[in-house]
Amino acid sequence: MKTITDSSFNEELINNDLMLVDFWAEWCGPCKLVAPILEEIERDKAGALTVGKLDIDENLDVARRFEVMSIPTMILFKKGEPVARIVGAKSKNAILRELESHF
Amino acid sequence: MTERVKVAIVGSGPAGLTAAIYTARANLEPVVIEGEISSTSDQPGGQLMLTTEIENFPGFINGIEGPELMGNFKAQAERFGAKIHSAKVSRADFSQRPFKLWTSDQTDETEPAYIADSVIISTGARSLMLGLDREIELIGHGVSTCATCDGFFFRGREIAVVGGGDSAMEEAIFLTKFASRVYLIVRRGELRASKIMAERAIKNEKITIVWNSVVSKLNGESALTSIELTNTLDSTTRQLDVSGLFVAIGHVPNTDIFQSQIEMDENGYIITSNGTYTSVDGVFACGDVQDHTYRQAITAAGSGCMAAIDVERWLENQH
């Protein structure tokens, strides 16, 4: 998964038509459970979807901009616009269900 | 495809994984159906996955983080050959032996995922929510099920914790690291928490206890802005401006899928006797799913060990 920061965020949105951003932090247990699932999804959907992770400890600007108040939160951006939001750790199937209609 | 196993363990908290370590070492090749990932206490690893430091688990002089401890339990079970299956049991049939179990990841549900000679139920308990309008919708927007995950976002803000037991004290104390003030909403005029935890909370200058009160309404459009409190003595209401609400009012056992198949008490806890035996011969229960009294990681682990020994002896007597 690509590491996204406050300063690279806008550029990533321009370069990736469909991008899932995982807002996470080192001290968050459920974030660690969901990370390997997102890596799998990235592999399964290679070419169609980019998955990036944004550490909210160091990149609070983007987290604030999208009013993230709970982690993990995963936001799907389509051509720069947020189109889906998943709050909390979920199983692979549950995450894919939320994303499916946007491919 | 259906798999035949000697022992199926349902749930993967301290009870289930201890049962897995013991049955795996006894060459019973257990499968642990560990649950589905979530940010609530009903998830692989159980309630400890949402806690921070555990100070009273014997053997760890300086304490250990909850997720790390559960990671160790799991690795130890896998070292002895326990198979871990990441799914939830969606249906169980205990009407005849061997028992049948279906899992949440099955695409074709005509056949069960497992046929098991014996089953150990260790599905634990999950945190209760308040059941108020818009509570679910506001999760991630002020309402939180995980203080360790979300406390960070309330730096310098005023928030509320609901509950009078040990978990409420623990969450309130933890959240004072971030929040400028933590209102502890307590239904009665006293705390039911242990003395040491109650004292820590009362002495904490950032915690204000609001006695004899319950949360009756959640306010806010896109995010929580205030809560309404109702006084349990005179029914008067008042508003409290908080941007965060953490609920720690107690637990319910995860026994929905076993309803009407196994004997339970009026609160849904599985009734065990003679160790970990349940009303169904060949089905055993351990941990919080059958214990609303002690509810500790160490007692859950202890009863998981008991279940493993009971299963082993029971299986030997079947031949």
# chains A, B, ... in the order shown; residues from 1 in each chain; ligands from 1
$ interface_residues --of "chain A" --to "chain B" --cutoff "7 Å" --atoms "only C-alpha atoms" --output "mmCIF file with N, CA and C atoms, in the first residue's frame"
data_model
loop_
_atom_site.group_PDB
_atom_site.id
_atom_site.type_symbol
_atom_site.label_atom_id
_atom_site.label_comp_id
_atom_site.auth_asym_id
_atom_site.auth_seq_id
_atom_site.Cartn_x
_atom_site.Cartn_y
_atom_site.Cartn_z
ATOM 1 N N CYS A 28 -3.760 1.837 16.984
ATOM 2 C CA CYS A 28 -5.149 1.398 16.796
ATOM 3 C C CYS A 28 -5.203 -0.088 16.446
ATOM 4 N N GLY A 29 -5.715 -0.900 17.371
ATOM 5 C CA GLY A 29 -5.768 -2.359 17.190
ATOM 6 C C GLY A 29 -6.557 -2.785 15.959
ATOM 7 N N PRO A 30 -7.817 -2.329 15.827
ATOM 8 C CA PRO A 30 -8.615 -2.726 14.654
ATOM 9 C C PRO A 30 -7.976 -2.309 13.323
ATOM 10 N N MET A 69 -13.330 10.891 12.528
ATOM 11 C CA MET A 69 -13.358 10.933 13.992
ATOM 12 C C MET A 69 -13.242 9.549 14.599
ATOM 13 N N SER A 70 -12.912 8.574 13.778
ATOM 14 C CA SER A 70 -12.836 7.202 14.242
ATOM 15 C C SER A 70 -11.917 6.464 13.281
ATOM 16 N N ILE A 71 -11.042 5.626 13.791
ATOM 17 C CA ILE A 71 -10.210 4.847 12.872
ATOM 18 C C ILE A 71 -10.321 3.365 13.213
ATOM 19 N N VAL A 87 -16.598 3.000 8.037
ATOM 20 C CA VAL A 87 -16.080 3.313 9.375
ATOM 21 C C VAL A 87 -15.945 2.025 10.179
ATOM 22 N N GLY A 88 -14.761 1.794 10.717
ATOM 23 C CA GLY A 88 -14.541 0.615 11.548
ATOM 24 C C GLY A 88 -14.003 -0.553 10.746
ATOM 25 N N ALA A 89 -13.303 -1.449 11.442
ATOM 26 C CA ALA A 89 -12.751 -2.634 10.795
ATOM 27 C C ALA A 89 -13.893 -3.538 10.353
ATOM 28 N N LYS A 90 -13.749 -4.101 9.158
ATOM 29 C CA LYS A 90 -14.786 -5.002 8.632
ATOM 30 C C LYS A 90 -14.119 -6.156 7.895
ATOM 31 N N SER A 91 -14.871 -7.203 7.636
ATOM 32 C CA SER A 91 -14.334 -8.344 6.899
ATOM 33 C C SER A 91 -14.132 -7.960 5.431
#
$ select_by_dssp --residues "chain A" --states "strand (DSSP E or B)" --output "list in words"
Lys2, Thr3, Leu18, Met19, Leu20, Val21, Asp22, Phe23, Trp24, Thr50, Val51, Gly52, Lys53, Leu54, Asp55, Thr73, Met74, Ile75, Leu76, Phe77, Lys78, Glu81, Pro82, Val83, Ala84, Arg85, Ile86 and Val87 of chain A
$ closest_residue --among "B:Pro30, B:Gly163, B:Gly63, B:Gly45" --to "Gly250 (chain B)" --atoms "only C-alpha atoms"
B:Gly163
$ residues_around --residues "Leu17 (chain B)" --least-positions-apart "6" --cutoff "7 Å" --atoms "only C-alpha atoms" --output "PyMOL selection string"
chain B and resi 73-74+77
$ residues_around --residues "Ala82 (chain B)" --least-positions-apart "3" --cutoff "8 Å" --atoms "only C-alpha atoms" --output "list in words"
Ala20, Ile21, Ala24, Glu29, Pro30, Val31, Val32, Ala77, Glu78 and Arg79 of chain B
$ write_last_selection --atoms "N, CA and C atoms" --output "compact mmCIF listing (two decimals), in the first residue's frame"
# COMPACT_ATOMS: atom_id res chain seq x y z
N ALA B 20 -7.87 -24.14 22.40
CA ALA B 20 -7.17 -24.54 21.18
C ALA B 20 -5.75 -25.03 21.48
N ILE B 21 -5.05 -24.31 22.36
CA ILE B 21 -3.68 -24.71 22.72
C ILE B 21 -3.71 -26.12 23.33
N ALA B 24 -4.97 -28.85 20.78
CA ALA B 24 -3.97 -29.06 19.73
C ALA B 24 -2.80 -29.88 20.28
N GLU B 29 -6.35 -31.87 16.75
CA GLU B 29 -6.41 -31.06 15.52
C GLU B 29 -7.64 -30.15 15.47
N PRO B 30 -7.77 -29.24 16.44
CA PRO B 30 -8.97 -28.40 16.50
C PRO B 30 -9.00 -27.36 15.38
N VAL B 31 -10.20 -26.97 14.98
CA VAL B 31 -10.35 -25.79 14.14
C VAL B 31 -10.97 -24.71 15.03
N VAL B 32 -10.42 -23.50 14.93
CA VAL B 32 -10.96 -22.37 15.67
C VAL B 32 -11.66 -21.46 14.66
N ALA B 77 -1.34 -21.22 19.84
CA ALA B 77 -2.29 -22.25 19.38
C ALA B 77 -1.87 -22.76 18.00
N GLU B 78 -1.44 -21.86 17.12
CA GLU B 78 -1.02 -22.26 15.77
C GLU B 78 0.25 -23.09 15.79
N ARG B 79 1.12 -22.78 16.76
CA ARG B 79 2.37 -23.53 16.88
C ARG B 79 2.10 -25.02 17.09
$ select_by_dssp --residues "region 166-251 of chain B" --states "helix (DSSP H, G or I)" --output "ChimeraX atom specification"
/B:166-175,195-203
$ residues_around --residues "Trp24 (chain A)" --least-positions-apart "4" --cutoff "8 Å" --atoms "only C-alpha atoms" --output "ChimeraX atom specification"
/A:28,31,53-56,71-73
$ write_last_selection --atoms "N, CA, C and O atoms" --output "compact mmCIF listing (two decimals), in the first residue's frame"
# COMPACT_ATOMS: atom_id res chain seq x y z
N CYS A 28 -3.76 1.84 16.98
CA CYS A 28 -5.15 1.40 16.80
C CYS A 28 -5.20 -0.09 16.45
O CYS A 28 -4.74 -0.50 15.38
N CYS A 31 -7.17 -1.23 13.33
CA CYS A 31 -6.49 -0.81 12.09
C CYS A 31 -5.53 -1.90 11.63
O CYS A 31 -5.36 -2.15 10.44
N LYS A 53 -2.44 4.40 2.36
CA LYS A 53 -2.68 4.55 3.80
C LYS A 53 -2.17 5.89 4.29
O LYS A 53 -1.10 6.35 3.89
N LEU A 54 -2.96 6.50 5.16
CA LEU A 54 -2.63 7.82 5.67
C LEU A 54 -2.59 7.75 7.19
O LEU A 54 -3.59 7.44 7.83
N ASP A 55 -1.39 7.96 7.75
CA ASP A 55 -1.21 7.91 9.20
C ASP A 55 -1.73 9.22 9.80
O ASP A 55 -1.15 10.28 9.58
N ILE A 56 -2.83 9.12 10.56
CA ILE A 56 -3.47 10.35 11.05
C ILE A 56 -2.64 11.06 12.12
O ILE A 56 -2.83 12.24 12.36
N ILE A 71 -11.04 5.63 13.79
CA ILE A 71 -10.21 4.85 12.87
C ILE A 71 -10.32 3.36 13.21
O ILE A 71 -10.57 3.04 14.37
N PRO A 72 -10.17 2.47 12.24
CA PRO A 72 -9.94 2.83 10.83
C PRO A 72 -11.18 3.42 10.17
O PRO A 72 -12.28 2.96 10.41
N THR A 73 -10.97 4.44 9.31
CA THR A 73 -11.99 4.90 8.38
C THR A 73 -11.38 4.77 7.00
O THR A 73 -10.23 5.11 6.78
$ closest_residue --among "B:Tyr277, B:Phe174, B:Trp314, B:Tyr269" --to "Val7 (chain B)" --atoms "only C-alpha atoms"
B:Trp314
$ residues_around --residues "Val62 (chain A)" --least-positions-apart "6" --cutoff "12 Å" --atoms "only C-alpha atoms" --output "JSON, numbers by chain"
{"A": [4, 5, 6, 7, 8, 9, 10, 21, 22, 23, 53, 54, 55, 56, 68, 69, 75]}
$ atom_distance --atom1 "CA of Gln290 (chain B)" --atom2 "CA of Leu69 (chain B)"
22.1 Å
$ decode --residues "region 240-277 of chain B" --atoms "N, CA, C and O atoms" --output "mmCIF file, in the first residue's frame"
data_model
loop_
_atom_site.group_PDB
_atom_site.id
_atom_site.type_symbol
_atom_site.label_atom_id
_atom_site.label_comp_id
_atom_site.auth_asym_id
_atom_site.auth_seq_id
_atom_site.Cartn_x
_atom_site.Cartn_y
_atom_site.Cartn_z
ATOM 1 N N LEU B 240 -26.165 18.443 27.827
ATOM 2 C CA LEU B 240 -24.735 18.470 28.111
ATOM 3 C C LEU B 240 -24.023 18.547 26.764
ATOM 4 O O LEU B 240 -24.206 17.680 25.913
ATOM 5 N N ASP B 241 -23.253 19.635 26.553
ATOM 6 C CA ASP B 241 -22.550 19.802 25.284
ATOM 7 C C ASP B 241 -21.295 18.948 25.275
ATOM 8 O O ASP B 241 -20.319 19.275 25.954
ATOM 9 N N VAL B 242 -21.330 17.876 24.519
ATOM 10 C CA VAL B 242 -20.146 17.028 24.351
ATOM 11 C C VAL B 242 -20.057 16.629 22.881
ATOM 12 O O VAL B 242 -21.079 16.471 22.218
ATOM 13 N N SER B 243 -18.825 16.459 22.394
ATOM 14 C CA SER B 243 -18.682 16.054 20.993
ATOM 15 C C SER B 243 -18.363 14.570 20.877
ATOM 16 O O SER B 243 -18.301 14.034 19.776
ATOM 17 N N GLY B 244 -18.176 13.918 22.035
ATOM 18 C CA GLY B 244 -17.883 12.486 21.996
ATOM 19 C C GLY B 244 -18.669 11.739 23.052
ATOM 20 O O GLY B 244 -18.927 12.266 24.143
ATOM 21 N N LEU B 245 -19.094 10.517 22.723
ATOM 22 C CA LEU B 245 -19.824 9.687 23.669
ATOM 23 C C LEU B 245 -19.292 8.263 23.599
ATOM 24 O O LEU B 245 -19.282 7.652 22.527
ATOM 25 N N PHE B 246 -18.838 7.766 24.748
ATOM 26 C CA PHE B 246 -18.292 6.406 24.825
ATOM 27 C C PHE B 246 -19.179 5.609 25.776
ATOM 28 O O PHE B 246 -19.426 6.034 26.898
ATOM 29 N N VAL B 247 -19.674 4.473 25.305
ATOM 30 C CA VAL B 247 -20.655 3.705 26.064
ATOM 31 C C VAL B 247 -20.005 2.470 26.669
ATOM 32 O O VAL B 247 -19.382 1.679 25.954
ATOM 33 N N ALA B 248 -20.119 2.327 27.996
ATOM 34 C CA ALA B 248 -19.563 1.150 28.679
ATOM 35 C C ALA B 248 -20.541 0.710 29.767
ATOM 36 O O ALA B 248 -20.260 0.775 30.951
ATOM 37 N N ILE B 249 -21.746 0.291 29.330
ATOM 38 C CA ILE B 249 -22.809 -0.002 30.294
ATOM 39 C C ILE B 249 -23.001 -1.484 30.571
ATOM 40 O O ILE B 249 -23.899 -1.856 31.312
ATOM 41 N N GLY B 250 -22.165 -2.320 30.009
ATOM 42 C CA GLY B 250 -22.310 -3.743 30.303
ATOM 43 C C GLY B 250 -22.262 -4.587 29.044
ATOM 44 O O GLY B 250 -21.954 -4.085 27.961
ATOM 45 N N HIS B 251 -22.527 -5.855 29.209
ATOM 46 C CA HIS B 251 -22.322 -6.822 28.130
ATOM 47 C C HIS B 251 -23.503 -7.759 27.947
ATOM 48 O O HIS B 251 -24.279 -7.971 28.870
ATOM 49 N N VAL B 252 -23.620 -8.298 26.733
ATOM 50 C CA VAL B 252 -24.570 -9.387 26.470
ATOM 51 C C VAL B 252 -23.791 -10.553 25.852
ATOM 52 O O VAL B 252 -22.880 -10.321 25.063
ATOM 53 N N PRO B 253 -24.161 -11.787 26.213
ATOM 54 C CA PRO B 253 -23.444 -12.927 25.649
ATOM 55 C C PRO B 253 -23.774 -13.105 24.165
ATOM 56 O O PRO B 253 -24.886 -12.782 23.740
ATOM 57 N N ASN B 254 -22.801 -13.592 23.403
ATOM 58 C CA ASN B 254 -23.007 -13.834 21.970
ATOM 59 C C ASN B 254 -23.564 -15.236 21.764
ATOM 60 O O ASN B 254 -22.830 -16.162 21.403
ATOM 61 N N THR B 255 -24.851 -15.387 22.043
ATOM 62 C CA THR B 255 -25.450 -16.731 21.979
ATOM 63 C C THR B 255 -26.656 -16.793 21.038
ATOM 64 O O THR B 255 -27.352 -17.804 21.014
ATOM 65 N N ASP B 256 -26.871 -15.725 20.258
ATOM 66 C CA ASP B 256 -28.047 -15.683 19.371
ATOM 67 C C ASP B 256 -28.173 -16.929 18.495
ATOM 68 O O ASP B 256 -29.265 -17.479 18.352
ATOM 69 N N ILE B 257 -27.039 -17.356 17.912
ATOM 70 C CA ILE B 257 -27.111 -18.493 16.974
ATOM 71 C C ILE B 257 -27.384 -19.824 17.676
ATOM 72 O O ILE B 257 -27.687 -20.808 17.016
ATOM 73 N N PHE B 258 -27.279 -19.858 19.004
ATOM 74 C CA PHE B 258 -27.507 -21.129 19.723
ATOM 75 C C PHE B 258 -28.877 -21.158 20.409
ATOM 76 O O PHE B 258 -29.199 -22.123 21.098
ATOM 77 N N GLN B 259 -29.657 -20.077 20.220
ATOM 78 C CA GLN B 259 -30.998 -19.995 20.819
ATOM 79 C C GLN B 259 -31.779 -21.274 20.583
ATOM 80 O O GLN B 259 -31.773 -21.801 19.481
ATOM 81 N N SER B 260 -32.470 -21.715 21.616
ATOM 82 C CA SER B 260 -33.388 -22.864 21.590
ATOM 83 C C SER B 260 -32.717 -24.211 21.294
ATOM 84 O O SER B 260 -33.373 -25.211 21.105
ATOM 85 N N GLN B 261 -31.367 -24.216 21.228
ATOM 86 C CA GLN B 261 -30.682 -25.487 20.997
ATOM 87 C C GLN B 261 -29.951 -25.951 22.245
ATOM 88 O O GLN B 261 -29.527 -27.097 22.346
ATOM 89 N N ILE B 262 -29.755 -25.014 23.176
ATOM 90 C CA ILE B 262 -28.917 -25.295 24.328
ATOM 91 C C ILE B 262 -29.491 -24.509 25.502
ATOM 92 O O ILE B 262 -30.080 -23.443 25.306
ATOM 93 N N GLU B 263 -29.339 -25.033 26.695
ATOM 94 C CA GLU B 263 -29.947 -24.361 27.848
ATOM 95 C C GLU B 263 -29.193 -23.080 28.227
ATOM 96 O O GLU B 263 -27.967 -23.083 28.354
ATOM 97 N N MET B 264 -29.962 -22.005 28.398
ATOM 98 C CA MET B 264 -29.380 -20.714 28.776
ATOM 99 C C MET B 264 -30.163 -20.129 29.943
ATOM 100 O O MET B 264 -31.318 -20.513 30.161
ATOM 101 N N ASP B 265 -29.558 -19.165 30.636
ATOM 102 C CA ASP B 265 -30.316 -18.489 31.691
ATOM 103 C C ASP B 265 -31.138 -17.362 31.064
ATOM 104 O O ASP B 265 -31.126 -17.178 29.843
ATOM 105 N N GLU B 266 -31.859 -16.598 31.904
ATOM 106 C CA GLU B 266 -32.786 -15.616 31.341
ATOM 107 C C GLU B 266 -32.066 -14.482 30.602
ATOM 108 O O GLU B 266 -32.672 -13.766 29.802
ATOM 109 N N ASN B 267 -30.756 -14.324 30.826
ATOM 110 C CA ASN B 267 -30.011 -13.284 30.117
ATOM 111 C C ASN B 267 -29.261 -13.807 28.898
ATOM 112 O O ASN B 267 -28.492 -13.076 28.279
ATOM 113 N N GLY B 268 -29.450 -15.085 28.592
ATOM 114 C CA GLY B 268 -28.813 -15.640 27.398
ATOM 115 C C GLY B 268 -27.442 -16.265 27.631
ATOM 116 O O GLY B 268 -26.789 -16.687 26.678
ATOM 117 N N TYR B 269 -27.001 -16.320 28.893
ATOM 118 C CA TYR B 269 -25.721 -16.980 29.181
ATOM 119 C C TYR B 269 -25.932 -18.491 29.175
ATOM 120 O O TYR B 269 -26.944 -18.986 29.700
ATOM 121 N N ILE B 270 -24.987 -19.222 28.582
ATOM 122 C CA ILE B 270 -25.098 -20.678 28.522
ATOM 123 C C ILE B 270 -24.881 -21.253 29.921
ATOM 124 O O ILE B 270 -23.974 -20.834 30.651
ATOM 125 N N ILE B 271 -25.736 -22.203 30.291
ATOM 126 C CA ILE B 271 -25.623 -22.824 31.615
ATOM 127 C C ILE B 271 -24.671 -24.013 31.528
ATOM 128 O O ILE B 271 -24.828 -24.893 30.678
ATOM 129 N N THR B 272 -23.645 -24.003 32.370
ATOM 130 C CA THR B 272 -22.708 -25.125 32.408
ATOM 131 C C THR B 272 -22.793 -25.812 33.764
ATOM 132 O O THR B 272 -23.179 -25.204 34.765
ATOM 133 N N SER B 273 -22.443 -27.098 33.768
ATOM 134 C CA SER B 273 -22.417 -27.831 35.032
ATOM 135 C C SER B 273 -21.307 -28.866 34.965
ATOM 136 O O SER B 273 -20.831 -29.188 33.864
ATOM 137 N N ASN B 274 -20.879 -29.359 36.109
ATOM 138 C CA ASN B 274 -19.848 -30.394 36.159
ATOM 139 C C ASN B 274 -18.641 -29.987 35.314
ATOM 140 O O ASN B 274 -18.169 -30.735 34.477
ATOM 141 N N GLY B 275 -18.156 -28.745 35.519
ATOM 142 C CA GLY B 275 -17.065 -28.225 34.694
ATOM 143 C C GLY B 275 -17.638 -27.388 33.577
ATOM 144 O O GLY B 275 -18.342 -26.411 33.821
ATOM 145 N N THR B 276 -17.414 -27.823 32.334
ATOM 146 C CA THR B 276 -17.851 -27.000 31.195
ATOM 147 C C THR B 276 -18.931 -27.689 30.359
ATOM 148 O O THR B 276 -19.182 -27.291 29.224
ATOM 149 N N TYR B 277 -19.554 -28.755 30.901
ATOM 150 C CA TYR B 277 -20.619 -29.460 30.172
ATOM 151 C C TYR B 277 -21.851 -28.558 30.026
ATOM 152 O O TYR B 277 -22.217 -27.830 30.946
#
